[in-house]
Amino acid sequence: MKPSSRVTIRDVAVAAGVSVATVSKVLNARYGVSAATSAHVQSVIRELGYEASLVAQSLRNHRTNVIGILVADLEPFSTELLKGAAKAIKGTGYELVVYSAGGRSGDHAGWEQRYLSRLSGTLIDGAVLVTPTVVDVDYGTAVVAVDPHAGPSGLPTVDSDNLLGARLGTQHLLDLGHRRIAMLSGRPDLESAKLREQGYTDALRAAGVPVDPALIQVGNYDPDASAEAARRLLAGPDRPTAIFAANDISAIAAMEVATGMGLRVPEDLSVVGFDNVPESALTTPALTTVEQPIHEMGHRAIDLLIQLMSGEPVEQTHVRLTTSLVVRQSTRAIGANA
């Protein structure tokens, strides 16, 4: 038999020489099928690669055993988060489906509501929303938000200590003797970005260093925007001796701009990033950065979501993980010898 492009339960029945009802009983572990017949049907299922339709399964059982991870775009942060989620899902009986609009323009505000309306009820039992714009609504399904735009709210959330992390990154530059420290800030609509900027200004004020608004440029967590901002900062007559960037991608863009302008990192410019994505260790020189435990954030989000879906009591619905400084070769003390 040549099966159709998508193997159906009827294809399995024909190949196994049994009725559709028999295949259905085997799939749903119902009585009335001998052990030998059941083993034969299961063998044919494996051979043909049959998978029950999630929609049909949800209509029968009101469950799909699938968790959705919804992201506005697949970029380094969300990609690393998925690795932690994938590890957490092992042995739980659930599967993961990742849904992204690929960063389509005009799909920012309220994207998570549109995505969930397409998936919940028939394709997924619950969802992890990565940097959602709206959290104070009833989504009609179990939901956990990671790094929500507005910060923790009534919805269960997982994030990291952005304020502490930014203080650590800026303090590291202060400890190295830098005083003219610029910042490439993140997306203005994200609470995490606001906290990183606040951590930067708090560290400067605590050290008695005036905050110069001209040294704070919006990098928007975007390499192109960060490159333009870094070029403005470094082209002036009184350029900064160090840059603290709100994420690693912005920091890497700043390093590339500096190199293109004939500046050496870290001899002429020290740079600190935020996130500690894998790319940060591969730059030349390797990037000093603030690590937020992205894998653990994904893992904890899945753990929390499964607890919610199973009706287990949840002690902590707002999980905040600590951040730490990872010192590499992109920072150096003022006046240090090569």
# chains A, B, ... in the order shown; residues from 1 in each chain; ligands from 1
>>> closest_atom_pairs(of="region 161-245 of chain A", to="region 318-335 of chain A", cutoff="12 Å", atoms="only C-alpha atoms", output="Markdown table")
| residue | atom | partner | partner_atom | distance |
| --- | --- | --- | --- | --- |
| A:Asp161 | CA | A:Thr322 | CA | 5.3 |
| A:Asn162 | CA | A:Thr323 | CA | 7.2 |
| A:Leu163 | CA | A:Thr323 | CA | 9.1 |
| A:Leu164 | CA | A:Thr323 | CA | 6.8 |
| A:Gly165 | CA | A:Thr323 | CA | 5.3 |
| A:Ala166 | CA | A:Thr323 | CA | 9.0 |
| A:Arg167 | CA | A:Leu325 | CA | 9.8 |
| A:Leu168 | CA | A:Leu325 | CA | 6.4 |
| A:Gly169 | CA | A:Leu325 | CA | 6.6 |
| A:Thr170 | CA | A:Leu325 | CA | 10.2 |
| A:Gln171 | CA | A:Leu325 | CA | 10.1 |
| A:His172 | CA | A:Leu325 | CA | 8.4 |
| A:Leu173 | CA | A:Thr331 | CA | 7.5 |
| A:Leu174 | CA | A:Ala333 | CA | 9.1 |
| A:Asp175 | CA | A:Ala333 | CA | 8.0 |
| A:Leu176 | CA | A:Ala333 | CA | 4.2 |
| A:Gly177 | CA | A:Ile334 | CA | 5.5 |
| A:His178 | CA | A:Ile334 | CA | 6.3 |
| A:Arg179 | CA | A:Ile334 | CA | 9.6 |
| A:Arg180 | CA | A:Ile334 | CA | 11.0 |
| A:Ile181 | CA | A:Ile334 | CA | 11.9 |
| A:Ser192 | CA | A:Arg320 | CA | 11.8 |
| A:Arg196 | CA | A:Thr323 | CA | 11.6 |
| A:Pro240 | CA | A:Ile334 | CA | 11.8 |
| A:Thr241 | CA | A:Ile334 | CA | 8.2 |
| A:Ala242 | CA | A:Thr331 | CA | 8.2 |
| A:Ile243 | CA | A:Thr331 | CA | 9.6 |
| A:Phe244 | CA | A:Thr331 | CA | 10.4 |
>>> select_by_dssp(residues="region 124-258 of chain A", states="helix (DSSP H, G or I)", output="ChimeraX atom specification")
/A:162-175,191-206,213-215,223-235,248-258
>>> select_by_dssp(residues="region 6-220 of chain A", states="strand (DSSP E or B)", output="mmCIF file with N, CA and C atoms, in the first residue's frame")
data_model
loop_
_atom_site.group_PDB
_atom_site.id
_atom_site.type_symbol
_atom_site.label_atom_id
_atom_site.label_comp_id
_atom_site.auth_asym_id
_atom_site.auth_seq_id
_atom_site.Cartn_x
_atom_site.Cartn_y
_atom_site.Cartn_z
ATOM 1 N N VAL A 66 0.402 18.586 25.046
ATOM 2 C CA VAL A 66 1.361 19.437 24.353
ATOM 3 C C VAL A 66 1.397 20.803 25.035
ATOM 4 N N ILE A 67 2.611 21.293 25.261
ATOM 5 C CA ILE A 67 2.820 22.622 25.831
ATOM 6 C C ILE A 67 3.357 23.526 24.735
ATOM 7 N N GLY A 68 2.799 24.705 24.623
ATOM 8 C CA GLY A 68 3.274 25.662 23.633
ATOM 9 C C GLY A 68 4.237 26.665 24.245
ATOM 10 N N ILE A 69 5.293 26.971 23.519
ATOM 11 C CA ILE A 69 6.166 28.084 23.896
ATOM 12 C C ILE A 69 6.016 29.138 22.814
ATOM 13 N N LEU A 70 5.495 30.284 23.192
ATOM 14 C CA LEU A 70 5.146 31.329 22.229
ATOM 15 C C LEU A 70 6.145 32.467 22.328
ATOM 16 N N VAL A 71 6.781 32.786 21.217
ATOM 17 C CA VAL A 71 7.781 33.849 21.182
ATOM 18 C C VAL A 71 7.470 34.800 20.037
ATOM 19 N N GLU A 95 4.824 17.120 25.357
ATOM 20 C CA GLU A 95 5.655 17.497 24.223
ATOM 21 C C GLU A 95 5.628 19.013 24.090
ATOM 22 N N LEU A 96 6.609 19.547 23.366
ATOM 23 C CA LEU A 96 6.703 20.993 23.153
ATOM 24 C C LEU A 96 6.406 21.354 21.706
ATOM 25 N N VAL A 97 5.713 22.455 21.524
ATOM 26 C CA VAL A 97 5.580 23.052 20.200
ATOM 27 C C VAL A 97 5.962 24.524 20.342
ATOM 28 N N VAL A 98 6.804 25.015 19.434
ATOM 29 C CA VAL A 98 7.248 26.406 19.468
ATOM 30 C C VAL A 98 6.514 27.181 18.383
ATOM 31 N N TYR A 99 5.956 28.322 18.768
ATOM 32 C CA TYR A 99 5.184 29.121 17.815
ATOM 33 C C TYR A 99 5.768 30.527 17.779
ATOM 34 N N SER A 100 6.137 30.975 16.588
ATOM 35 C CA SER A 100 6.710 32.309 16.425
ATOM 36 C C SER A 100 6.204 32.919 15.135
ATOM 37 N N SER A 120 -4.761 27.455 21.718
ATOM 38 C CA SER A 120 -5.331 26.901 22.942
ATOM 39 C C SER A 120 -6.657 26.212 22.669
ATOM 40 N N ILE A 124 -2.818 22.883 22.267
ATOM 41 C CA ILE A 124 -1.975 22.893 23.448
ATOM 42 C C ILE A 124 -2.819 22.902 24.713
ATOM 43 N N GLY A 126 -1.375 24.135 27.644
ATOM 44 C CA GLY A 126 -0.868 25.275 28.397
ATOM 45 C C GLY A 126 0.242 25.928 27.608
ATOM 46 N N ALA A 127 0.681 27.111 28.065
ATOM 47 C CA ALA A 127 1.666 27.845 27.283
ATOM 48 C C ALA A 127 2.636 28.614 28.156
ATOM 49 N N VAL A 128 3.866 28.736 27.651
ATOM 50 C CA VAL A 128 4.860 29.647 28.200
ATOM 51 C C VAL A 128 4.971 30.810 27.226
ATOM 52 N N LEU A 129 4.740 32.017 27.711
ATOM 53 C CA LEU A 129 4.825 33.216 26.885
ATOM 54 C C LEU A 129 6.149 33.906 27.172
ATOM 55 N N VAL A 130 6.958 34.102 26.155
ATOM 56 C CA VAL A 130 8.270 34.724 26.325
ATOM 57 C C VAL A 130 8.173 36.204 25.992
ATOM 58 N N ALA A 142 -3.828 27.438 31.150
ATOM 59 C CA ALA A 142 -2.695 27.653 32.051
ATOM 60 C C ALA A 142 -1.565 28.346 31.298
ATOM 61 N N VAL A 143 -1.045 29.422 31.874
ATOM 62 C CA VAL A 143 -0.027 30.226 31.211
ATOM 63 C C VAL A 143 1.018 30.680 32.224
ATOM 64 N N VAL A 144 2.287 30.651 31.815
ATOM 65 C CA VAL A 144 3.382 31.226 32.591
ATOM 66 C C VAL A 144 4.110 32.212 31.691
ATOM 67 N N ALA A 145 4.397 33.396 32.207
ATOM 68 C CA ALA A 145 5.091 34.427 31.432
ATOM 69 C C ALA A 145 6.553 34.495 31.842
ATOM 70 N N VAL A 146 7.443 34.551 30.858
ATOM 71 C CA VAL A 146 8.873 34.735 31.102
ATOM 72 C C VAL A 146 9.257 36.147 30.690
ATOM 73 N N THR A 157 4.937 34.229 36.784
ATOM 74 C CA THR A 157 6.034 34.743 35.988
ATOM 75 C C THR A 157 7.379 34.165 36.423
ATOM 76 N N VAL A 158 8.315 34.174 35.483
ATOM 77 C CA VAL A 158 9.711 33.826 35.751
ATOM 78 C C VAL A 158 10.570 34.904 35.110
ATOM 79 N N ASP A 159 11.465 35.481 35.889
ATOM 80 C CA ASP A 159 12.420 36.438 35.324
ATOM 81 C C ASP A 159 13.719 36.361 36.106
ATOM 82 N N SER A 160 14.655 37.273 35.794
ATOM 83 C CA SER A 160 15.921 37.311 36.513
ATOM 84 C C SER A 160 16.081 38.680 37.146
ATOM 85 N N ILE A 181 31.281 56.244 31.382
ATOM 86 C CA ILE A 181 30.715 54.948 30.994
ATOM 87 C C ILE A 181 29.392 55.197 30.272
ATOM 88 N N ALA A 182 29.322 54.762 29.043
ATOM 89 C CA ALA A 182 28.083 54.897 28.268
ATOM 90 C C ALA A 182 27.217 53.649 28.427
ATOM 91 N N MET A 183 25.954 53.788 28.039
ATOM 92 C CA MET A 183 25.052 52.628 28.060
ATOM 93 C C MET A 183 24.268 52.547 26.764
ATOM 94 N N LEU A 184 24.206 51.341 26.215
ATOM 95 C CA LEU A 184 23.284 51.033 25.124
ATOM 96 C C LEU A 184 22.079 50.366 25.765
ATOM 97 N N SER A 185 21.001 51.138 25.925
ATOM 98 C CA SER A 185 19.827 50.627 26.635
ATOM 99 C C SER A 185 19.022 49.686 25.752
ATOM 100 N N ILE A 216 23.643 57.840 27.362
ATOM 101 C CA ILE A 216 22.645 56.765 27.321
ATOM 102 C C ILE A 216 21.968 56.798 25.958
ATOM 103 N N GLN A 217 22.243 55.797 25.148
ATOM 104 C CA GLN A 217 21.678 55.702 23.812
ATOM 105 C C GLN A 217 20.842 54.424 23.707
ATOM 106 N N VAL A 218 19.732 54.501 22.987
ATOM 107 C CA VAL A 218 18.841 53.349 22.846
ATOM 108 C C VAL A 218 19.416 52.366 21.837
#
>>> closest_atom_pairs(of="region 157-238 of chain A", to="region 254-264 of chain A", cutoff="8 Å", atoms="only C-alpha atoms", output="CSV")
residue,atom,partner,partner_atom,distance
A:Ser226,CA,A:Ala254,CA,6.6
A:Ala227,CA,A:Ala254,CA,5.6
A:Ala230,CA,A:Ala254,CA,5.4
A:Arg231,CA,A:Val257,CA,6.4
A:Leu234,CA,A:Ala258,CA,7.3
>>> write_last_selection(atoms="N, CA, C and O atoms", output="CSV table (one decimal), in the first residue's frame")
chain,number,residue,atom,x,y,z
A,226,SER,N,22.0,49.3,17.7
A,226,SER,CA,23.1,49.4,18.7
A,226,SER,C,24.4,49.9,18.0
A,226,SER,O,25.1,50.6,18.5
A,227,ALA,N,24.6,49.4,16.8
A,227,ALA,CA,25.7,49.8,16.0
A,227,ALA,C,25.7,51.3,15.7
A,227,ALA,O,26.7,52.0,15.8
A,230,ALA,N,26.3,53.2,19.0
A,230,ALA,CA,27.7,53.1,19.4
A,230,ALA,C,28.5,54.0,18.5
A,230,ALA,O,29.5,54.7,19.0
A,231,ARG,N,28.2,54.1,17.2
A,231,ARG,CA,29.0,55.0,16.3
A,231,ARG,C,28.8,56.5,16.8
A,231,ARG,O,29.8,57.2,16.8
A,234,LEU,N,31.0,57.0,20.0
A,234,LEU,CA,32.4,56.9,19.8
A,234,LEU,C,33.0,57.9,18.8
A,234,LEU,O,34.2,58.1,18.7
>>> residues_around(residues="Glu80 (chain A)", least_positions_apart="2", cutoff="9 Å", atoms="only C-alpha atoms", output="PyMOL selection string")
chain A and resi 75-78+82-85+277-278+294-295+298
>>> write_last_selection(atoms="all heavy atoms", output="compact mmCIF listing (two decimals), in the first residue's frame")
# COMPACT_ATOMS: atom_id res chain seq x y z
N GLU A 75 15.39 34.57 18.60
CA GLU A 75 16.67 35.26 18.68
C GLU A 75 17.47 34.59 19.81
O GLU A 75 16.99 33.63 20.40
CB GLU A 75 16.46 36.76 18.89
CG GLU A 75 15.25 37.15 19.74
CD GLU A 75 15.39 36.73 21.18
OE1 GLU A 75 16.47 36.92 21.75
OE2 GLU A 75 14.42 36.21 21.75
N PRO A 76 18.71 35.02 20.08
CA PRO A 76 19.55 34.28 21.03
C PRO A 76 18.92 34.02 22.39
O PRO A 76 19.04 32.92 22.93
CB PRO A 76 20.80 35.17 21.14
CG PRO A 76 20.91 35.81 19.80
CD PRO A 76 19.49 36.08 19.39
N PHE A 77 18.22 35.01 22.96
CA PHE A 77 17.62 34.81 24.28
C PHE A 77 16.57 33.71 24.25
O PHE A 77 16.60 32.76 25.05
CB PHE A 77 17.00 36.12 24.79
CG PHE A 77 16.23 35.96 26.07
CD1 PHE A 77 16.88 35.91 27.29
CD2 PHE A 77 14.84 35.86 26.06
CE1 PHE A 77 16.16 35.75 28.47
CE2 PHE A 77 14.11 35.70 27.23
CZ PHE A 77 14.79 35.66 28.45
N SER A 78 15.60 33.81 23.33
CA SER A 78 14.53 32.82 23.28
C SER A 78 15.06 31.44 22.88
O SER A 78 14.57 30.41 23.35
CB SER A 78 13.43 33.26 22.31
OG SER A 78 13.92 33.42 21.00
N LEU A 82 14.64 28.04 25.14
CA LEU A 82 14.05 26.79 24.63
C LEU A 82 14.88 25.58 25.04
O LEU A 82 14.33 24.50 25.28
CB LEU A 82 13.94 26.85 23.11
CG LEU A 82 12.88 27.79 22.54
CD1 LEU A 82 12.99 27.86 21.03
CD2 LEU A 82 11.48 27.36 22.95
N LYS A 83 16.19 25.74 25.14
CA LYS A 83 17.04 24.63 25.54
C LYS A 83 16.72 24.19 26.97
O LYS A 83 16.65 22.99 27.27
CB LYS A 83 18.52 25.01 25.42
CG LYS A 83 18.97 25.27 23.99
CD LYS A 83 20.43 25.72 23.95
CE LYS A 83 20.87 26.04 22.54
NZ LYS A 83 22.27 26.55 22.48
N GLY A 84 16.52 25.16 27.84
CA GLY A 84 16.14 24.83 29.21
C GLY A 84 14.77 24.20 29.29
O GLY A 84 14.54 23.26 30.06
N ALA A 85 13.83 24.69 28.48
CA ALA A 85 12.49 24.13 28.46
C ALA A 85 12.50 22.69 27.95
O ALA A 85 11.80 21.82 28.46
CB ALA A 85 11.58 24.99 27.60
N VAL A 277 24.81 34.82 26.40
CA VAL A 277 24.45 33.87 25.35
C VAL A 277 25.74 33.26 24.81
O VAL A 277 26.82 33.82 24.98
CB VAL A 277 23.63 34.55 24.23
CG1 VAL A 277 22.30 35.05 24.77
CG2 VAL A 277 24.42 35.67 23.57
N PRO A 278 25.69 32.11 24.16
CA PRO A 278 26.91 31.45 23.69
C PRO A 278 27.81 32.34 22.83
O PRO A 278 29.04 32.23 22.88
CB PRO A 278 26.37 30.26 22.90
CG PRO A 278 25.07 29.93 23.54
CD PRO A 278 24.50 31.27 23.92
N ILE A 294 19.49 31.76 31.69
CA ILE A 294 18.41 31.64 30.71
C ILE A 294 17.89 30.20 30.64
O ILE A 294 16.67 29.98 30.56
CB ILE A 294 18.88 32.11 29.32
CG1 ILE A 294 19.45 33.53 29.41
CG2 ILE A 294 17.72 32.09 28.33
CD1 ILE A 294 20.03 34.04 28.10
N HIS A 295 18.80 29.22 30.65
CA HIS A 295 18.34 27.83 30.63
C HIS A 295 17.44 27.54 31.82
O HIS A 295 16.38 26.90 31.69
CB HIS A 295 19.54 26.88 30.64
CG HIS A 295 20.27 26.80 29.35
ND1 HIS A 295 21.22 25.85 29.07
CD2 HIS A 295 20.20 27.57 28.23
CE1 HIS A 295 21.70 26.03 27.86
NE2 HIS A 295 21.09 27.08 27.33
N GLY A 298 13.94 28.89 31.47
CA GLY A 298 13.07 28.03 30.68
C GLY A 298 12.64 26.80 31.45
O GLY A 298 11.48 26.36 31.37
>>> residues_around(residues="Ala39 (chain A)", least_positions_apart="5", cutoff="9 Å", atoms="only C-alpha atoms", output="PDB file with all heavy atoms, in the first residue's frame")
ATOM      1  N   VAL A  26      -6.562  -0.029  19.933  1.00  0.00           N
ATOM      2  CA  VAL A  26      -5.135  -0.152  20.251  1.00  0.00           C
ATOM      3  C   VAL A  26      -4.558   1.208  20.633  1.00  0.00           C
ATOM      4  O   VAL A  26      -3.817   1.337  21.614  1.00  0.00           O
ATOM      5  CB  VAL A  26      -4.365  -0.745  19.061  1.00  0.00           C
ATOM      6  CG1 VAL A  26      -2.855  -0.687  19.315  1.00  0.00           C
ATOM      7  CG2 VAL A  26      -4.805  -2.179  18.801  1.00  0.00           C
ATOM      8  N   SER A  34      -6.763  -8.739  21.140  1.00  0.00           N
ATOM      9  CA  SER A  34      -5.785  -9.698  21.664  1.00  0.00           C
ATOM     10  C   SER A  34      -4.391  -9.090  21.696  1.00  0.00           C
ATOM     11  O   SER A  34      -4.088  -8.142  20.966  1.00  0.00           O
ATOM     12  CB  SER A  34      -5.760 -10.963  20.790  1.00  0.00           C
ATOM     13  OG  SER A  34      -5.199 -10.675  19.522  1.00  0.00           O
ATOM     14  N   VAL A  44       2.782  -1.888  12.863  1.00  0.00           N
ATOM     15  CA  VAL A  44       2.409  -1.175  11.641  1.00  0.00           C
ATOM     16  C   VAL A  44       2.404   0.331  11.879  1.00  0.00           C
ATOM     17  O   VAL A  44       2.845   1.117  11.022  1.00  0.00           O
ATOM     18  CB  VAL A  44       1.037  -1.659  11.139  1.00  0.00           C
ATOM     19  CG1 VAL A  44       0.549  -0.778   9.979  1.00  0.00           C
ATOM     20  CG2 VAL A  44       1.103  -3.118  10.716  1.00  0.00           C
TER      21      VAL A  44
END
>>> closest_residue(among="A:Leu233, A:Asp238, A:Leu282, A:Arg118", to="Ile252 (chain A)", atoms="only C-alpha atoms")
A:Leu282
>>> decode(residues="region 19-58 of chain A", atoms="N, CA and C atoms", output="CSV table (one decimal), in the first residue's frame")
chain,number,residue,atom,x,y,z
A,19,SER,N,-9.8,-3.7,11.3
A,19,SER,CA,-10.7,-2.6,11.1
A,19,SER,C,-10.2,-1.3,11.7
A,20,VAL,N,-10.8,-0.2,11.3
A,20,VAL,CA,-10.5,1.1,11.9
A,20,VAL,C,-10.8,1.1,13.4
A,21,ALA,N,-11.9,0.4,13.8
A,21,ALA,CA,-12.2,0.3,15.2
A,21,ALA,C,-11.2,-0.4,16.0
A,22,THR,N,-10.6,-1.4,15.4
A,22,THR,CA,-9.5,-2.2,16.1
A,22,THR,C,-8.3,-1.3,16.3
A,23,VAL,N,-7.9,-0.5,15.3
A,23,VAL,CA,-6.8,0.4,15.4
A,23,VAL,C,-7.1,1.4,16.5
A,24,SER,N,-8.3,1.9,16.5
A,24,SER,CA,-8.7,2.9,17.5
A,24,SER,C,-8.6,2.4,19.0
A,25,LYS,N,-9.0,1.1,19.1
A,25,LYS,CA,-8.9,0.5,20.4
A,25,LYS,C,-7.4,0.3,20.9
A,26,VAL,N,-6.6,0.0,19.9
A,26,VAL,CA,-5.1,-0.2,20.3
A,26,VAL,C,-4.6,1.2,20.6
A,27,LEU,N,-4.9,2.2,19.9
A,27,LEU,CA,-4.4,3.6,20.2
A,27,LEU,C,-4.8,4.1,21.5
A,28,ASN,N,-6.0,3.7,21.9
A,28,ASN,CA,-6.6,4.2,23.2
A,28,ASN,C,-6.5,3.2,24.3
A,29,ALA,N,-5.8,2.1,24.1
A,29,ALA,CA,-5.5,1.1,25.1
A,29,ALA,C,-6.9,0.6,25.7
A,30,ARG,N,-7.8,0.3,24.8
A,30,ARG,CA,-9.1,-0.2,25.2
A,30,ARG,C,-9.1,-1.8,25.1
A,31,TYR,N,-10.0,-2.4,25.9
A,31,TYR,CA,-10.1,-3.8,25.9
A,31,TYR,C,-10.7,-4.3,24.6
A,32,GLY,N,-10.7,-5.6,24.3
A,32,GLY,CA,-11.3,-6.2,23.2
A,32,GLY,C,-10.4,-6.5,22.0
A,33,VAL,N,-9.1,-6.4,22.2
A,33,VAL,CA,-8.1,-6.7,21.2
A,33,VAL,C,-7.0,-7.6,21.8
A,34,SER,N,-6.8,-8.7,21.1
A,34,SER,CA,-5.8,-9.7,21.7
A,34,SER,C,-4.4,-9.1,21.7
A,35,ALA,N,-3.5,-9.7,22.5
A,35,ALA,CA,-2.2,-9.2,22.7
A,35,ALA,C,-1.4,-9.2,21.3
A,36,ALA,N,-1.6,-10.3,20.6
A,36,ALA,CA,-0.9,-10.5,19.3
A,36,ALA,C,-1.4,-9.5,18.3
A,37,THR,N,-2.7,-9.2,18.2
A,37,THR,CA,-3.2,-8.2,17.3
A,37,THR,C,-2.7,-6.8,17.7
A,38,SER,N,-2.8,-6.6,19.0
A,38,SER,CA,-2.3,-5.3,19.4
A,38,SER,C,-0.8,-5.0,19.1
A,39,ALA,N,0.0,-6.1,19.3
A,39,ALA,CA,1.4,-5.9,18.9
A,39,ALA,C,1.6,-5.7,17.4
A,40,HIS,N,0.8,-6.4,16.6
A,40,HIS,CA,0.9,-6.3,15.2
A,40,HIS,C,0.5,-4.9,14.7
A,41,VAL,N,-0.6,-4.4,15.3
A,41,VAL,CA,-1.0,-3.0,14.9
A,41,VAL,C,0.0,-2.0,15.3
A,42,GLN,N,0.6,-2.1,16.5
A,42,GLN,CA,1.6,-1.2,17.0
A,42,GLN,C,2.8,-1.2,16.1
A,43,SER,N,3.1,-2.4,15.6
A,43,SER,CA,4.3,-2.5,14.7
A,43,SER,C,4.0,-1.8,13.4
A,44,VAL,N,2.8,-1.9,12.9
A,44,VAL,CA,2.4,-1.2,11.6
A,44,VAL,C,2.4,0.3,11.9
A,45,ILE,N,1.9,0.7,13.0
A,45,ILE,CA,1.9,2.2,13.4
A,45,ILE,C,3.3,2.8,13.3
A,46,ARG,N,4.3,2.0,13.9
A,46,ARG,CA,5.7,2.5,13.9
A,46,ARG,C,6.2,2.5,12.5
A,47,GLU,N,5.9,1.4,11.8
A,47,GLU,CA,6.4,1.3,10.4
A,47,GLU,C,6.0,2.5,9.5
A,48,LEU,N,4.7,2.8,9.6
A,48,LEU,CA,4.1,3.9,8.8
A,48,LEU,C,4.4,5.3,9.3
A,49,GLY,N,4.8,5.3,10.6
A,49,GLY,CA,5.0,6.7,11.2
A,49,GLY,C,3.7,7.4,11.5
A,50,TYR,N,2.7,6.6,11.9
A,50,TYR,CA,1.4,7.3,12.2
A,50,TYR,C,1.4,8.1,13.5
A,51,GLU,N,0.8,9.2,13.5
A,51,GLU,CA,0.6,10.0,14.7
A,51,GLU,C,-0.8,10.5,14.7
A,52,ALA,N,-1.5,10.4,15.8
A,52,ALA,CA,-2.8,10.9,15.9
A,52,ALA,C,-2.9,12.4,15.7
A,53,SER,N,-3.9,12.9,15.1
A,53,SER,CA,-4.1,14.3,14.9
A,53,SER,C,-4.3,14.9,16.3
A,54,LEU,N,-3.5,16.0,16.6
A,54,LEU,CA,-3.7,16.7,17.9
A,54,LEU,C,-5.1,17.2,18.1
A,55,VAL,N,-5.7,17.7,17.0
A,55,VAL,CA,-7.0,18.3,17.1
A,55,VAL,C,-8.0,17.2,17.4
A,56,ALA,N,-7.9,16.0,16.7
A,56,ALA,CA,-8.8,14.9,17.0
A,56,ALA,C,-8.6,14.4,18.4
A,57,GLN,N,-7.4,14.3,18.8
A,57,GLN,CA,-7.1,13.9,20.2
A,57,GLN,C,-7.7,14.8,21.2
A,58,SER,N,-7.6,16.1,21.0
A,58,SER,CA,-8.1,17.0,22.0
A,58,SER,C,-9.7,17.0,22.0
